[in-house]
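The structure appears right after this line, and notes come after that.
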Amino acid sequence: MDPHLLRTFVAVARCGSFSEAARELGYTQSAVSQHIAALESDLGAVLLQRRPVSPTGVGVRLLEHAGPLLLRLDAARADIARLTAAPAARIVIGVSPLAMTPRLTGTLADMRQKQPRWDVTVRVLGRAAITREVASAALDLGLVDGVAAPNDPLHLPDVGPLTAIAITEQPLALALPAQHPLASRASLRLVDLADARWIDAPDTAIPLAQLRTATGTGGYRSSLRYEGTDVRGLLALTAAGQGLALLPQSTIANTPGINAVPVSAPRLVHRTEALHSSTLDGPPALLAAALTAATE
């Protein structure tokens with residue numbers, strides 16, 4: 001399959017319109033139609049219904065493959081560009097909200113004292129966005145977090161030949177409103193709260209799907225979905241009784257209206273990893289080495 005045709009197909013399916021996809025891609029509508037026709041001819045299947053524009057059953061299946069395929073192509077192009085480009089005195093760091101720890105900020109401050117001419121950008125992003133953008137070279141270095149058994153690596157998406165280095169492991173705790181009946185407990189088992197009201201905050205708190213996997217049980221139903229990267233907003237909602245959240249214990253500590261109750265089972269930690277290309281060079285490589293040295 002020609003990747004140019006595949007990108008056109010993905011754009012049309014997402015936009016639900018040949019003309020909108022043409023504007024987005026910078027093509028004429030006629031060119032977009034020709035791309036779709038060529039792809040359908042190559043595969044011997046109709047991929048899109050025309051009125052209204054929507055993927056057929058075959059098209060839906062192709063979309064499942066298209067995202068990972070195109071991302072790996074972007075990652076390959078970025079990898080070659082890293083190998084052939086001269087190291088720049090700039091660094092773009094992507095950080096998931098709970099990975100913005102004193103380890104990162106302190107190490108970055110030390111490095112910038114030694115390298116005052118560095119041009120540094122820090123972007124706070126969701127976990128999935130960080131892995132994608134490190135693979136495609138939109139980020140030089142990513143810090144991503146999640147839940148894992150002690151000393152186990154995070155289960156990150158396979159988006160290319162990336163290197164992940166453990167930075168920190170911290171205790172987890174349940175964020176409960178101070179007035180919650182269980183807020184005074186010394187510890188709690190996650191499974192005992194499977195039927196509680198939870199806040200679904202996939203880019204800030206530990207995702208509810210990970211709680212189901214970790215405990216091997218269902219439940220953990222969302223009473224409210226919180227989209228964004230502001231941890232303070234999530235904690236304010238928890239304090240107001242909108243639902244529970246699982247977070248690093250240090251994040252919850254000293255938050256008004258919230259009690260941090262440690263998790264006794266299953267045995268889990270909050271883990272942060274630095275994610276980068278295996279061909280890292282220049283300032284990003286120096287920062288990655290400094291973060292690793294601080295861990296050791």
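Within each chain, counting starts at residue 1; across the structure tokens, chains are named A, B, ... in the order shown, with ligands numbered 1 upward in that order.
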Residues near region 268-274 of chain A, anyone? I mean within 10 Å using only C-alpha atoms, not counting same-chain ones fewer than 5 positions away, as a PyMOL selection string.
chain A and resi 94-96+98-101+104+141-154+163-173+206+214+246-249+263+288+291-292
Identify, on the basis of only C-alpha atoms, every residue whose closest approach to Thr131 (chain A) does not exceed 10 Å; exclude the query and any residue fewer than 3 positions from it along the same chain; express the result as a PDB file with all heavy atoms, in the first residue's frame.
ATOM      1  N   GLY A  94       8.692  16.483  26.696  1.00  0.00           N
ATOM      2  CA  GLY A  94       7.288  16.237  26.970  1.00  0.00           C
ATOM      3  C   GLY A  94       7.144  15.535  28.308  1.00  0.00           C
ATOM      4  O   GLY A  94       7.874  14.572  28.588  1.00  0.00           O
ATOM      5  N   GLY A 126      -0.648  14.422  27.551  1.00  0.00           N
ATOM      6  CA  GLY A 126      -1.155  13.131  27.982  1.00  0.00           C
ATOM      7  C   GLY A 126      -0.154  12.030  27.701  1.00  0.00           C
ATOM      8  O   GLY A 126       0.752  12.172  26.870  1.00  0.00           O
ATOM      9  N   ARG A 127      -0.324  10.898  28.378  1.00  0.00           N
ATOM     10  CA  ARG A 127       0.646   9.802  28.269  1.00  0.00           C
ATOM     11  C   ARG A 127       0.775   9.280  26.833  1.00  0.00           C
ATOM     12  O   ARG A 127       1.888   9.071  26.338  1.00  0.00           O
ATOM     13  CB  ARG A 127       0.232   8.665  29.208  1.00  0.00           C
ATOM     14  CG  ARG A 127       0.215   9.060  30.686  1.00  0.00           C
ATOM     15  CD  ARG A 127      -0.281   7.917  31.541  1.00  0.00           C
ATOM     16  NE  ARG A 127      -0.260   8.233  32.961  1.00  0.00           N
ATOM     17  CZ  ARG A 127      -1.327   8.617  33.657  1.00  0.00           C
ATOM     18  NH1 ARG A 127      -2.502   8.730  33.048  1.00  0.00           N
ATOM     19  NH2 ARG A 127      -1.229   8.884  34.940  1.00  0.00           N
ATOM     20  N   ALA A 128      -0.347   9.038  26.170  1.00  0.00           N
ATOM     21  CA  ALA A 128      -0.295   8.487  24.814  1.00  0.00           C
ATOM     22  C   ALA A 128       0.372   9.459  23.850  1.00  0.00           C
ATOM     23  O   ALA A 128       1.120   9.057  22.957  1.00  0.00           O
ATOM     24  CB  ALA A 128      -1.698   8.140  24.335  1.00  0.00           C
ATOM     25  N   VAL A 134       7.504  11.371  20.894  1.00  0.00           N
ATOM     26  CA  VAL A 134       8.915  10.985  20.972  1.00  0.00           C
ATOM     27  C   VAL A 134       9.283  10.154  19.748  1.00  0.00           C
ATOM     28  O   VAL A 134      10.336  10.347  19.132  1.00  0.00           O
ATOM     29  CB  VAL A 134       9.201  10.205  22.268  1.00  0.00           C
ATOM     30  CG1 VAL A 134      10.611   9.618  22.242  1.00  0.00           C
ATOM     31  CG2 VAL A 134       9.056  11.112  23.489  1.00  0.00           C
ATOM     32  N   ALA A 135       8.403   9.232  19.353  1.00  0.00           N
ATOM     33  CA  ALA A 135       8.667   8.377  18.190  1.00  0.00           C
ATOM     34  C   ALA A 135       8.793   9.188  16.912  1.00  0.00           C
ATOM     35  O   ALA A 135       9.624   8.880  16.044  1.00  0.00           O
ATOM     36  CB  ALA A 135       7.569   7.336  18.046  1.00  0.00           C
ATOM     37  N   SER A 136       7.984  10.244  16.778  1.00  0.00           N
ATOM     38  CA  SER A 136       7.986  11.036  15.543  1.00  0.00           C
ATOM     39  C   SER A 136       8.932  12.233  15.608  1.00  0.00           C
ATOM     40  O   SER A 136       8.955  13.056  14.698  1.00  0.00           O
ATOM     41  CB  SER A 136       6.566  11.527  15.239  1.00  0.00           C
ATOM     42  OG  SER A 136       6.101  12.384  16.266  1.00  0.00           O
ATOM     43  N   LEU A 139       9.154  15.450  20.036  1.00  0.00           N
ATOM     44  CA  LEU A 139       9.786  15.619  21.344  1.00  0.00           C
ATOM     45  C   LEU A 139      11.159  14.973  21.310  1.00  0.00           C
ATOM     46  O   LEU A 139      11.338  13.899  20.731  1.00  0.00           O
ATOM     47  CB  LEU A 139       8.960  14.954  22.451  1.00  0.00           C
ATOM     48  CG  LEU A 139       7.555  15.468  22.718  1.00  0.00           C
ATOM     49  CD1 LEU A 139       6.858  14.583  23.741  1.00  0.00           C
ATOM     50  CD2 LEU A 139       7.593  16.917  23.202  1.00  0.00           C
ATOM     51  N   LEU A 141      12.756  14.287  24.256  1.00  0.00           N
ATOM     52  CA  LEU A 141      12.769  13.445  25.449  1.00  0.00           C
ATOM     53  C   LEU A 141      11.383  13.489  26.070  1.00  0.00           C
ATOM     54  O   LEU A 141      10.749  14.548  26.115  1.00  0.00           O
ATOM     55  CB  LEU A 141      13.810  13.977  26.442  1.00  0.00           C
ATOM     56  CG  LEU A 141      14.026  13.199  27.738  1.00  0.00           C
ATOM     57  CD1 LEU A 141      14.677  11.846  27.449  1.00  0.00           C
ATOM     58  CD2 LEU A 141      14.925  14.008  28.689  1.00  0.00           C
ATOM     59  N   GLY A 142      10.895  12.345  26.511  1.00  0.00           N
ATOM     60  CA  GLY A 142       9.598  12.306  27.163  1.00  0.00           C
ATOM     61  C   GLY A 142       9.709  11.683  28.532  1.00  0.00           C
ATOM     62  O   GLY A 142      10.484  10.742  28.740  1.00  0.00           O
ATOM     63  N   LEU A 143       8.959  12.207  29.487  1.00  0.00           N
ATOM     64  CA  LEU A 143       8.822  11.584  30.797  1.00  0.00           C
ATOM     65  C   LEU A 143       7.375  11.175  30.954  1.00  0.00           C
ATOM     66  O   LEU A 143       6.469  12.020  30.920  1.00  0.00           O
ATOM     67  CB  LEU A 143       9.243  12.531  31.928  1.00  0.00           C
ATOM     68  CG  LEU A 143      10.710  12.376  32.351  1.00  0.00           C
ATOM     69  CD1 LEU A 143      11.618  12.993  31.295  1.00  0.00           C
ATOM     70  CD2 LEU A 143      10.967  13.027  33.703  1.00  0.00           C
ATOM     71  N   VAL A 144       7.168   9.871  31.091  1.00  0.00           N
ATOM     72  CA  VAL A 144       5.818   9.330  31.135  1.00  0.00           C
ATOM     73  C   VAL A 144       5.667   8.489  32.394  1.00  0.00           C
ATOM     74  O   VAL A 144       6.641   7.903  32.883  1.00  0.00           O
ATOM     75  CB  VAL A 144       5.536   8.506  29.858  1.00  0.00           C
ATOM     76  CG1 VAL A 144       6.426   7.280  29.778  1.00  0.00           C
ATOM     77  CG2 VAL A 144       4.089   8.120  29.746  1.00  0.00           C
ATOM     78  N   LEU A 156       4.266   0.306  27.677  1.00  0.00           N
ATOM     79  CA  LEU A 156       4.065   1.424  26.755  1.00  0.00           C
ATOM     80  C   LEU A 156       3.755   0.895  25.354  1.00  0.00           C
ATOM     81  O   LEU A 156       4.172  -0.212  24.991  1.00  0.00           O
ATOM     82  CB  LEU A 156       5.324   2.298  26.708  1.00  0.00           C
ATOM     83  CG  LEU A 156       5.731   2.936  28.046  1.00  0.00           C
ATOM     84  CD1 LEU A 156       7.060   3.662  27.895  1.00  0.00           C
ATOM     85  CD2 LEU A 156       4.648   3.888  28.542  1.00  0.00           C
ATOM     86  N   PRO A 157       3.044   1.682  24.541  1.00  0.00           N
ATOM     87  CA  PRO A 157       2.745   1.247  23.170  1.00  0.00           C
ATOM     88  C   PRO A 157       4.017   1.032  22.362  1.00  0.00           C
ATOM     89  O   PRO A 157       5.021   1.725  22.555  1.00  0.00           O
ATOM     90  CB  PRO A 157       1.923   2.422  22.608  1.00  0.00           C
ATOM     91  CG  PRO A 157       1.429   3.168  23.795  1.00  0.00           C
ATOM     92  CD  PRO A 157       2.449   2.994  24.864  1.00  0.00           C
ATOM     93  N   ASP A 158       3.977   0.069  21.450  1.00  0.00           N
ATOM     94  CA  ASP A 158       5.102  -0.192  20.559  1.00  0.00           C
ATOM     95  C   ASP A 158       5.015   0.767  19.379  1.00  0.00           C
ATOM     96  O   ASP A 158       4.271   0.549  18.430  1.00  0.00           O
ATOM     97  CB  ASP A 158       5.059  -1.642  20.076  1.00  0.00           C
ATOM     98  CG  ASP A 158       6.212  -1.964  19.120  1.00  0.00           C
ATOM     99  OD1 ASP A 158       7.140  -1.140  19.017  1.00  0.00           O
ATOM    100  OD2 ASP A 158       6.166  -3.030  18.480  1.00  0.00           O
ATOM    101  N   VAL A 159       5.796   1.856  19.466  1.00  0.00           N
ATOM    102  CA  VAL A 159       5.755   2.871  18.408  1.00  0.00           C
ATOM    103  C   VAL A 159       7.096   3.015  17.709  1.00  0.00           C
ATOM    104  O   VAL A 159       7.297   3.960  16.939  1.00  0.00           O
ATOM    105  CB  VAL A 159       5.316   4.237  18.989  1.00  0.00           C
ATOM    106  CG1 VAL A 159       3.881   4.184  19.462  1.00  0.00           C
ATOM    107  CG2 VAL A 159       6.241   4.682  20.118  1.00  0.00           C
ATOM    108  N   GLY A 160       8.013   2.106  17.965  1.00  0.00           N
ATOM    109  CA  GLY A 160       9.310   2.197  17.320  1.00  0.00           C
ATOM    110  C   GLY A 160      10.429   1.840  18.276  1.00  0.00           C
ATOM    111  O   GLY A 160      10.193   1.525  19.440  1.00  0.00           O
ATOM    112  N   LEU A 162      12.463   2.719  20.714  1.00  0.00           N
ATOM    113  CA  LEU A 162      12.699   3.727  21.737  1.00  0.00           C
ATOM    114  C   LEU A 162      13.324   3.094  22.987  1.00  0.00           C
ATOM    115  O   LEU A 162      13.148   1.906  23.250  1.00  0.00           O
ATOM    116  CB  LEU A 162      11.391   4.425  22.123  1.00  0.00           C
ATOM    117  CG  LEU A 162      10.655   5.147  20.992  1.00  0.00           C
ATOM    118  CD1 LEU A 162       9.382   5.792  21.516  1.00  0.00           C
ATOM    119  CD2 LEU A 162      11.552   6.184  20.326  1.00  0.00           C
ATOM    120  N   LEU A 275      11.758   8.502  28.230  1.00  0.00           N
ATOM    121  CA  LEU A 275      11.582   7.824  26.948  1.00  0.00           C
ATOM    122  C   LEU A 275      12.288   8.641  25.870  1.00  0.00           C
ATOM    123  O   LEU A 275      12.069   9.854  25.756  1.00  0.00           O
ATOM    124  CB  LEU A 275      10.087   7.716  26.651  1.00  0.00           C
ATOM    125  CG  LEU A 275       9.628   6.825  25.503  1.00  0.00           C
ATOM    126  CD1 LEU A 275       9.961   5.368  25.798  1.00  0.00           C
ATOM    127  CD2 LEU A 275       8.124   6.998  25.297  1.00  0.00           C
ATOM    128  N   HIS A 276      13.156   7.965  25.088  1.00  0.00           N
ATOM    129  CA  HIS A 276      13.868   8.690  24.032  1.00  0.00           C
ATOM    130  C   HIS A 276      14.319   7.737  22.941  1.00  0.00           C
ATOM    131  O   HIS A 276      14.291   6.508  23.098  1.00  0.00           O
ATOM    132  CB  HIS A 276      15.066   9.454  24.602  1.00  0.00           C
ATOM    133  CG  HIS A 276      16.097   8.586  25.265  1.00  0.00           C
ATOM    134  ND1 HIS A 276      17.032   7.860  24.564  1.00  0.00           N
ATOM    135  CD2 HIS A 276      16.338   8.325  26.572  1.00  0.00           C
ATOM    136  CE1 HIS A 276      17.809   7.203  25.393  1.00  0.00           C
ATOM    137  NE2 HIS A 276      17.404   7.465  26.623  1.00  0.00           N
TER     138      HIS A 276
END
Report as a tab-separated table (two decimals) with all heavy atoms, in the first residue's frame all protein, DNA and RNA residues lying within 8 Å of Leu190 (chain A), evaluated on only C-alpha atoms, omitting residues in the same chain fewer than 2 positions from it.
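Dumped everything to part.tsv:
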chain	number	residue	atom	x	y	z
A	188	LEU	N	-6.06	0.65	52.34
A	188	LEU	CA	-7.22	0.05	51.68
A	188	LEU	C	-6.76	-0.84	50.55
A	188	LEU	O	-5.72	-0.59	49.92
A	188	LEU	CB	-8.15	1.15	51.13
A	188	LEU	CG	-8.98	1.94	52.13
A	188	LEU	CD1	-9.57	3.17	51.46
A	188	LEU	CD2	-10.10	1.07	52.71
A	192	ASP	N	-11.62	-3.55	47.17
A	192	ASP	CA	-12.73	-3.20	48.06
A	192	ASP	C	-13.45	-1.93	47.60
A	192	ASP	O	-14.53	-1.62	48.12
A	192	ASP	CB	-12.23	-3.01	49.49
A	192	ASP	CG	-11.75	-4.33	50.11
A	192	ASP	OD1	-12.22	-5.39	49.66
A	192	ASP	OD2	-10.91	-4.28	51.03
A	193	LEU	N	-12.85	-1.22	46.65
A	193	LEU	CA	-13.45	0.03	46.16
A	193	LEU	C	-13.87	-0.10	44.70
A	193	LEU	O	-14.11	0.90	44.03
A	193	LEU	CB	-12.47	1.18	46.32
A	193	LEU	CG	-12.19	1.58	47.78
A	193	LEU	CD1	-10.96	2.45	47.87
A	193	LEU	CD2	-13.40	2.29	48.37
A	194	ALA	N	-13.97	-1.34	44.20
A	194	ALA	CA	-14.33	-1.55	42.80
A	194	ALA	C	-15.71	-0.98	42.48
A	194	ALA	O	-15.97	-0.56	41.35
A	194	ALA	CB	-14.29	-3.03	42.46
A	211	LEU	N	-6.64	-0.07	36.62
A	211	LEU	CA	-7.09	-0.61	37.91
A	211	LEU	C	-7.77	-1.95	37.69
A	211	LEU	O	-7.59	-2.89	38.47
A	211	LEU	CB	-8.05	0.36	38.59
A	211	LEU	CG	-7.54	1.78	38.86
A	211	LEU	CD1	-8.50	2.52	39.78
A	211	LEU	CD2	-6.16	1.76	39.47
A	215	THR	N	-6.20	-5.45	39.29
A	215	THR	CA	-6.95	-6.22	40.29
A	215	THR	C	-7.62	-7.45	39.70
A	215	THR	O	-8.13	-8.30	40.44
A	215	THR	CB	-8.03	-5.35	40.94
A	215	THR	OG1	-8.93	-4.84	39.93
A	215	THR	CG2	-7.39	-4.18	41.69
A	263	VAL	N	-2.43	2.26	49.45
A	263	VAL	CA	-2.98	1.03	48.88
A	263	VAL	C	-2.20	-0.15	49.44
A	263	VAL	O	-0.97	-0.22	49.31
A	263	VAL	CB	-2.87	1.05	47.34
A	263	VAL	CG1	-3.32	-0.28	46.76
A	263	VAL	CG2	-3.70	2.19	46.77
A	264	SER	N	-2.90	-1.09	50.08
A	264	SER	CA	-2.24	-2.26	50.65
A	264	SER	C	-2.16	-3.42	49.66
A	264	SER	O	-1.25	-4.25	49.74
A	264	SER	CB	-2.97	-2.72	51.92
A	264	SER	OG	-4.32	-3.05	51.62
A	265	ALA	N	-3.10	-3.51	48.75
A	265	ALA	CA	-3.12	-4.58	47.75
A	265	ALA	C	-3.96	-4.13	46.56
A	265	ALA	O	-4.94	-3.42	46.73
A	265	ALA	CB	-3.70	-5.87	48.36
A	266	PRO	N	-3.53	-4.52	45.34
A	266	PRO	CA	-2.30	-5.26	45.04
A	266	PRO	C	-1.06	-4.39	45.26
A	266	PRO	O	-1.17	-3.18	45.45
A	266	PRO	CB	-2.46	-5.62	43.56
A	266	PRO	CG	-3.33	-4.54	43.01
A	266	PRO	CD	-4.29	-4.20	44.10
A:Met1, A:Leu48, A:Ile36, A:Leu235 ranked by distance to Gly16 (chain A), top pick (using only C-alpha atoms)
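Closest to Gly16 (chain A), using only C-alpha atoms: A:Leu48.
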Using only C-alpha atoms, which residues sit within 8 Å of Ala13 (chain A) once same-chain residues fewer than 3 positions away are excluded, as a VMD selection string?
chain A and resid 9 to 10 16 to 17 48 53 to 55
Given the selection you just returned, output its residues as a file containing all heavy atoms, formatted as a short mmCIF file (atom, residue, chain, number, x, y, z; two decimals), in the first residue's frame.
data_model
loop_
_atom_site.label_atom_id
_atom_site.label_comp_id
_atom_site.auth_asym_id
_atom_site.auth_seq_id
_atom_site.Cartn_x
_atom_site.Cartn_y
_atom_site.Cartn_z
N PHE A 9 -6.75 8.27 2.87
CA PHE A 9 -7.89 7.48 3.35
C PHE A 9 -8.19 7.80 4.81
O PHE A 9 -9.36 8.01 5.19
CB PHE A 9 -7.59 5.99 3.17
CG PHE A 9 -8.53 5.09 3.91
CD1 PHE A 9 -9.88 5.02 3.57
CD2 PHE A 9 -8.07 4.31 4.96
CE1 PHE A 9 -10.75 4.20 4.27
CE2 PHE A 9 -8.93 3.49 5.66
CZ PHE A 9 -10.27 3.43 5.32
N VAL A 10 -7.18 7.85 5.65
CA VAL A 10 -7.38 8.14 7.07
C VAL A 10 -7.99 9.54 7.24
O VAL A 10 -8.90 9.74 8.06
CB VAL A 10 -6.04 8.04 7.84
CG1 VAL A 10 -6.19 8.57 9.26
CG2 VAL A 10 -5.57 6.59 7.88
N GLY A 16 -14.91 12.71 7.43
CA GLY A 16 -16.24 12.37 6.92
C GLY A 16 -16.60 13.16 5.68
O GLY A 16 -17.77 13.36 5.38
N SER A 17 -15.56 13.60 4.96
CA SER A 17 -15.80 14.45 3.78
C SER A 17 -14.57 14.46 2.89
O SER A 17 -13.45 14.64 3.39
CB SER A 17 -16.13 15.88 4.24
OG SER A 17 -16.03 16.80 3.18
N LEU A 48 -14.86 3.08 1.43
CA LEU A 48 -15.68 4.20 1.92
C LEU A 48 -17.04 4.19 1.24
O LEU A 48 -17.13 4.04 0.01
CB LEU A 48 -14.98 5.54 1.64
CG LEU A 48 -13.72 5.86 2.42
CD1 LEU A 48 -13.02 7.06 1.81
CD2 LEU A 48 -14.05 6.14 3.90
N VAL A 53 -20.32 10.01 3.68
CA VAL A 53 -18.98 9.44 3.65
C VAL A 53 -18.68 8.78 4.99
O VAL A 53 -18.68 9.44 6.04
CB VAL A 53 -17.92 10.52 3.34
CG1 VAL A 53 -16.52 9.93 3.42
CG2 VAL A 53 -18.17 11.12 1.97
N SER A 54 -18.45 7.48 4.96
CA SER A 54 -18.12 6.74 6.18
C SER A 54 -17.42 5.45 5.77
O SER A 54 -17.65 4.94 4.66
CB SER A 54 -19.38 6.43 6.99
OG SER A 54 -20.25 5.60 6.26
N PRO A 55 -16.55 4.90 6.63
CA PRO A 55 -15.85 3.67 6.26
C PRO A 55 -16.78 2.47 6.21
O PRO A 55 -17.70 2.35 7.02
CB PRO A 55 -14.79 3.53 7.36
CG PRO A 55 -15.30 4.33 8.50
CD PRO A 55 -16.10 5.45 7.92
#
Out of region 64-149 of chain A, which residues get alpha helix (DSSP H) from DSSP, as a PyMOL selection string?
chain A and resi 64-84+102-114+127-135
So which one's closest to Arg123 (chain A), A:Cys15, A:Thr229, A:Leu176, A:Ser33? Using only C-alpha atoms, please.
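For Arg123 (chain A), the nearest of the given residues is A:Thr229.
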Shortest interatomic distance to Gln210 (chain A) - which of A:His155, A:Leu6, A:Ile80, A:Arg117, counting only C-alpha atoms
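Using only C-alpha atoms, the shortest distance to Gln210 (chain A) belongs to A:His155.
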What separation in Å, quoted to one decimal, exists between CA of Thr105 (chain A) and CA of Glu133 (chain A)?
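One can read the CA of Thr105 (chain A) to CA of Glu133 (chain A) distance as 20.8 Å.
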Please measure the separation of CA of Thr84 (chain A) and CA of Ala137 (chain A), giving the value in Å to one decimal.
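So the answer is 13.2 Å.
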